[in-house]
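**Student:** Have a look at this one before I ask anything.
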Amino acid sequence: MTDQTPVPAASTLETLDLGYAPAPEATDHVRIRDHYGLLIGGKWVDPASGKGFKTVNPATEVVLAEVAEAGEEDVDLAVKAARAAYDKLWSKTSGTQRAKYLFRVARVLQERAREFAVLETIDGGKPIKESRDVDLPLAAAHFFYYAGWADKLDYAFPGRSPRPLGVAAQVIPWNFPLLMAAWKLAPALAAGNTVVLKPAETTPLTALLLGQVLEQAELPPGVVNILTGAGATGAALVAHPDVDKVAFTGSTEVGKAIQRTLAGSGTRLTLELGGKAANIVFDDAPIDQAIEGIVNGIYFNQGHVCCAGSRLLVQESIAEPLIAKLKRRMATLRVGDPLDKNTDVGAINSRQQLDRIEELVASGEAEGAELYQSPCDLPARGFWFRPTVFTGVAQSHRIAQEEIFGPVLSVLTFRTPAEAVEKANNTPYGLSAGVWTDKGSRILDLASRLRAGVVWANTFNRFDPTSPFGGYKESGFGREGGLHGLAPYLDLS
Amino acid sequence: MADEERLEVRKTYKLFIGGKFPRTESGRSYLVTEGKGGKPLANACRASRKDVRDAVVAARAAFPTWAGMTAYNRGQILYRIAEMLEGRREQFADEVSRSEGRSRKAAGAEVGKAIDRWVWYAGWADKLAQVFGSSNPVAGPYFNFSVPEPTGVVGVVAPPDSSLLGLVSRLAPVIAGGNTAVVLAAEQRPLPAITLAEVLATSDLPSGVVNLLTGFTAELIGPLAAHMDVNALDLAGLDLALFRDAELAAAESVKRVVAPVNLPAKAWLDDASGQDPYWIAAFLETKTVWHPIGG
């Protein structure tokens, strides 16, 4: 060692920018049309009313396209097209043939995955990391999984000869636009039904692109019809008298309205509705893993997830250090441009949803809970909300009872497993739950006592086409995924 | 005095709530006759909406106990119900015959079938998880399995035509799956249902698993269908004219609803149409559990 050994000047480290360089995903391979029509009977048509609405990029508020708004006449035409396709063709198409169409769709989705992922992110605001690594692979996997069932239905239900129901009306939400279309279409088509699909108002573009993929796969005309529109379009669709089966994913409020619409009709119905999942962390849990699970549970997809772990139940003895760690981790979340490959939390899906989140967060403060928000910069334009956590939450607070559907976590504490179970079950919902503990017997005990359709142990927000998903209580009824997900699309009598 | 004819002791028919036999809190009754417009048989309780609420409270209280038992244990208790019924065949045959205005022989056949139906469902209790559950091969390092669990408190409208066999055929699948029940007995023929409650009360069935109300269906279905602590409804026995309103009320808490099915009386005797494991499945939820695999 000599005096000449270079020593980095402190000032170098101070001036060095340790932040991420922007890493935007390329968008030049995605073509968005100015105008989109409705897919009815294999043709892209304008709505009878000539009306349309604009879909915007929630990260920039830039208008992306004008999309047709289907009215009652269009709904009727689409149901008629689906009925004709069912009667004349699809109900007579062999299971093996149906399977091959669905396998084709799965393959095309894989081939065009990046195009879909980018479009999903542009239209819905979710981080490209998620649309690329979660939505698209799962959507393709759903088609691939149910394709294989199409000619094996006789093995699925002991003592039964399954038959398709006819025309299925499917209304899907904006949080996983393409993935929800896949969850709905794949089992319906595998079972031999034809479909009228209504994508969400704020995220129609990937469903419309999927329509093009179905054409590319040469799925016969009328087997899948796609109607864009808002709530009124969906309401007209589910109320159509020639629909045999309705499947809806969305809010509990709308789910109840649909159940009322169908009251007395005998039309089959499955509902996948809201949730207020408890993510329960015991003092023996692997804390660092649990922190990742909590973050993934509530900030994944900006918290626009029906099964989001929106209530953290933490054992009292570790509450303080765990919350401190959680806040440190939250500060590292990268919030911003959804197309940036480093982004963890993207844009809130719409102005309307942002308003709802802001209203509920204000109620949390007004009711006395303590607010902490990730100290990040937000882009000047677009719809954004900082990752947020409330501590000191009481069970009676609105933020502990109502689904916020945003990046807002409510923290409650418990002392005993029995108290954890009681608090976890103390909502009208029952979609999902998480349990973090090192003790296997405790996991199985809690898993059996939590009134929820999906229980994640030492993990959260995992999905798979083979794994049944759906709720207890007011989170809806029926399952999607797995063998169980076929049953709602079949006549088993 | 010595050759005086013995005067029969008549039974007072009451409700069955939480393992007890209370009268309706309303103090009301209605006349039950042999067949339609026939000889008077008894004054049955005309239950009120408050009785419905009491029954739901009892059913909810019993749910953790019943759902928490082993399936083997539930199966044994259902089998015990069959044993208890077997010992009272004659009594039930008489009562069904009088209630339905049918021959003693036809009624006897129904009672025999009702007993066999309990036996059939008793055997299902510990097979549901294997028939309706699954292990799911997810594409990742997770052990993933799905198990059927009971939905919760189920409101059952007993079929109007078949006072015992119809009731047993709808009630047995509900409790075989671990649910608890609030039953509206057949309005015109409620007596065999109440006598069945005496069997249930002596079969080791925990109090409150089955609660049974007699009265006017049109008056009771509203409060039952609208009750926020009822999770599901079996409306197989409901008059179609009442169905829409019941389902409208049911939507308020997203209840699972089985629609009315009009089975002809003789169909209940037929195993092919009178019993079905999928009737159990109608009141089961599927729970899926994910657990990581790794060292």
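Within each chain, counting starts at residue 1; across the structure tokens, chains are named A, B, ... in the order shown, with ligands numbered 1 upward in that order.
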As a ChimeraX atom specification, could you give me every residue of chain B near chain A (at most 7 Å apart, counting only C-alpha atoms)?
**Tutor:** /B:136-139,231,243-244,247-248,251-254,256,259,285-292
**Student:** Need to verify the contact set: region 164-178 of chain B, 6 Å, only C-alpha atoms, exclusion of same-chain residues closer than 2 positions in sequence. Can you return it as a PyMOL selection string?
**Tutor:** chain B and resi 66-67+110+114+125+150+158-159+162+180+192+280
**Student:** Suppose we keep C-alpha atoms; can you now write the selection as a PDB file, in the first residue's frame?
**Tutor:**
ATOM      1  CA  TRP B  66     -71.528 -30.766  12.856  1.00  0.00           C
ATOM      2  CA  ALA B  67     -69.138 -29.566  10.156  1.00  0.00           C
ATOM      3  CA  GLU B 110     -92.492 -45.322   1.608  1.00  0.00           C
ATOM      4  CA  ALA B 114     -87.078 -43.567   3.687  1.00  0.00           C
ATOM      5  CA  ALA B 125     -70.495 -38.953   4.214  1.00  0.00           C
ATOM      6  CA  PRO B 150     -70.318 -27.756   3.749  1.00  0.00           C
ATOM      7  CA  ALA B 158     -89.897 -30.126   1.993  1.00  0.00           C
ATOM      8  CA  PRO B 159     -91.762 -31.555  -1.009  1.00  0.00           C
ATOM      9  CA  SER B 162     -94.392 -36.868   0.086  1.00  0.00           C
ATOM     10  CA  THR B 180     -77.191 -27.695   9.194  1.00  0.00           C
ATOM     11  CA  PRO B 192     -94.693 -37.261   9.856  1.00  0.00           C
ATOM     12  CA  ILE B 280     -75.072 -33.386  -1.683  1.00  0.00           C
TER      13      ILE B 280
END
**Student:** Can you pull out every residue from region 32-95 of chain A that DSSP, working from the backbone, puts in helix (DSSP H, G or I), and format the result as a PyMOL selection string?
**Tutor:** chain A and resi 72-88+90-92+95
**Student:** Please write the residues from the selection above to a file, keeping C-alpha atoms, as a tab-separated table (two decimals), in the first residue's frame.
**Tutor:**
chain	number	residue	atom	x	y	z
A	72	GLU	CA	-80.11	-4.38	-26.86
A	73	GLU	CA	-80.42	-4.98	-30.60
A	74	ASP	CA	-76.78	-6.00	-30.84
A	75	VAL	CA	-77.15	-8.25	-27.80
A	76	ASP	CA	-80.08	-9.94	-29.47
A	77	LEU	CA	-78.14	-10.44	-32.71
A	78	ALA	CA	-75.16	-11.85	-30.82
A	79	VAL	CA	-77.29	-14.29	-28.82
A	80	LYS	CA	-79.03	-15.36	-32.03
A	81	ALA	CA	-75.66	-15.89	-33.70
A	82	ALA	CA	-74.46	-17.93	-30.73
A	83	ARG	CA	-77.67	-19.97	-30.77
A	84	ALA	CA	-77.39	-20.65	-34.49
A	85	ALA	CA	-73.76	-21.66	-34.15
A	86	TYR	CA	-74.68	-23.94	-31.27
A	87	ASP	CA	-77.62	-25.61	-33.00
A	88	LYS	CA	-76.13	-25.96	-36.44
A	90	TRP	CA	-70.81	-26.48	-32.33
A	91	SER	CA	-73.14	-28.93	-30.54
A	92	LYS	CA	-72.45	-31.38	-33.39
A	95	GLY	CA	-64.97	-33.15	-28.52
**Student:** Taking 4 positions as the minimum chain separation for residues in the same chain, which residues sit within 8 Å of Leu490 (chain A) when counting only C-alpha atoms? Answer as an MDAnalysis selection string.
**Tutor:** chainID A and resid 162:165 191 486
**Student:** Measuring between only C-alpha atoms, which one of B:Ala44, B:Val199, B:Gly27, B:Gly123 shows the shortest distance to Glu83 (chain B)?
**Tutor:**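 With only C-alpha atoms as the atom set, the closest residue is B:Val199.
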**Student:** Just want the 8 Å neighbourhood of region 8-17 of chain B, counted on only C-alpha atoms, with same-chain residues fewer than 2 positions away dropped. Output as a CSV table (one decimal) with N, CA and C atoms, in the first residue's frame.
**Tutor:**
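Once written, part-v2.csv looks like this:
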chain,number,residue,atom,x,y,z
B,6,ARG,N,-110.7,-47.7,26.7
B,6,ARG,CA,-109.5,-46.8,27.0
B,6,ARG,C,-109.5,-45.6,26.1
B,19,GLY,N,-82.9,-28.8,19.1
B,19,GLY,CA,-83.0,-30.0,19.9
B,19,GLY,C,-84.2,-30.1,20.8
B,20,LYS,N,-84.9,-29.0,20.9
B,20,LYS,CA,-86.1,-28.9,21.8
B,20,LYS,C,-87.4,-28.9,20.9
B,21,PHE,N,-88.5,-29.2,21.6
B,21,PHE,CA,-89.8,-29.2,20.9
B,21,PHE,C,-90.6,-28.0,21.5
B,22,PRO,N,-90.4,-26.8,21.1
B,22,PRO,CA,-91.2,-25.7,21.6
B,22,PRO,C,-92.5,-25.5,20.7
B,23,ARG,N,-93.5,-24.9,21.3
B,23,ARG,CA,-94.6,-24.4,20.5
B,23,ARG,C,-94.2,-23.2,19.8
B,24,THR,N,-94.9,-22.8,18.7
B,24,THR,CA,-94.6,-21.6,18.1
B,24,THR,C,-94.7,-20.4,19.0
B,42,ALA,N,-104.9,-33.3,13.6
B,42,ALA,CA,-104.2,-32.6,14.7
B,42,ALA,C,-104.2,-31.1,14.5
B,43,ASN,N,-103.9,-30.4,15.5
B,43,ASN,CA,-103.6,-29.0,15.4
B,43,ASN,C,-102.1,-28.8,15.3
B,44,ALA,N,-101.6,-28.4,14.1
B,44,ALA,CA,-100.1,-28.2,14.0
B,44,ALA,C,-99.8,-26.8,14.3
B,45,CYS,N,-98.6,-26.5,14.7
B,45,CYS,CA,-98.1,-25.2,15.0
B,45,CYS,C,-98.0,-24.4,13.7
B,47,ALA,N,-96.0,-21.8,12.5
B,47,ALA,CA,-94.8,-21.1,12.9
B,47,ALA,C,-94.8,-19.6,12.4
B,54,ASP,N,-85.3,-18.0,15.1
B,54,ASP,CA,-84.8,-18.8,16.2
B,54,ASP,C,-84.2,-20.1,15.6
B,55,ALA,N,-84.8,-20.6,14.6
B,55,ALA,CA,-84.3,-21.9,14.0
B,55,ALA,C,-83.0,-21.6,13.3
B,58,ALA,N,-80.3,-21.4,15.8
B,58,ALA,CA,-79.9,-22.8,16.3
B,58,ALA,C,-79.1,-23.5,15.3
B,191,LEU,N,-97.3,-33.8,9.9
B,191,LEU,CA,-97.2,-34.6,11.1
B,191,LEU,C,-96.0,-35.6,11.0
B,194,ILE,N,-92.7,-34.0,12.0
B,194,ILE,CA,-92.5,-33.7,13.4
B,194,ILE,C,-92.2,-35.0,14.1
B,197,ALA,N,-88.7,-35.7,13.6
B,197,ALA,CA,-87.9,-34.9,14.5
B,197,ALA,C,-87.6,-35.7,15.8
B,208,GLY,N,-79.8,-28.8,16.9
B,208,GLY,CA,-79.7,-27.7,16.0
B,208,GLY,C,-79.3,-28.1,14.6
B,210,VAL,N,-80.7,-30.2,12.6
B,210,VAL,CA,-81.9,-30.1,11.9
B,210,VAL,C,-83.0,-29.4,12.7
B,211,ASN,N,-83.6,-28.4,12.2
B,211,ASN,CA,-84.6,-27.6,12.8
B,211,ASN,C,-85.8,-27.7,11.9
B,212,LEU,N,-87.0,-27.9,12.5
B,212,LEU,CA,-88.1,-28.2,11.6
B,212,LEU,C,-89.3,-27.3,12.0
B,213,LEU,N,-89.9,-26.6,11.1
B,213,LEU,CA,-91.0,-25.8,11.3
B,213,LEU,C,-92.2,-26.2,10.5
B,214,THR,N,-93.4,-26.2,11.2
B,214,THR,CA,-94.6,-26.4,10.5
B,214,THR,C,-95.4,-25.1,10.3
**Student:** Considering only strand (DSSP E or B) as DSSP defines it on the backbone, what residues of region 86-177 of chain B qualify? List them as a PyMOL selection string.
**Tutor:** chain B and resi 134-135+142-150+153-157
**Student:** Could you check the closest approach to Ser99 (chain B) for each of B:Trp120, B:Thr195, B:Ile77, B:Lys127 and tell me which residue wins, using only C-alpha atoms?
**Tutor:**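 Under the stated criterion, the closest residue is B:Thr195.
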**Student:** Give me, as a list in words, all polymer residues having an atom no more than 12 Å from Arg102 (chain B), counting only C-alpha atoms and skipping those fewer than 5 positions away in the same chain.
**Tutor:** Glu34, Gly35, Lys36, Gly38, Ala93, Asp94, Glu95, Val96, Ser97, Ala107, Gly108, Ala109, Glu110, Asp161, Ser162, Ser163 and Ala265 of chain B
**Student:** Just the residues within 8 Å of region 234-238 of chain B, please, counting only C-alpha atoms, with nothing from its chain fewer than 2 positions along; format it as an NGL selection string.
**Tutor:** :B and (154-160 or 170 or 232 or 240 or 242-243 or 257-262)
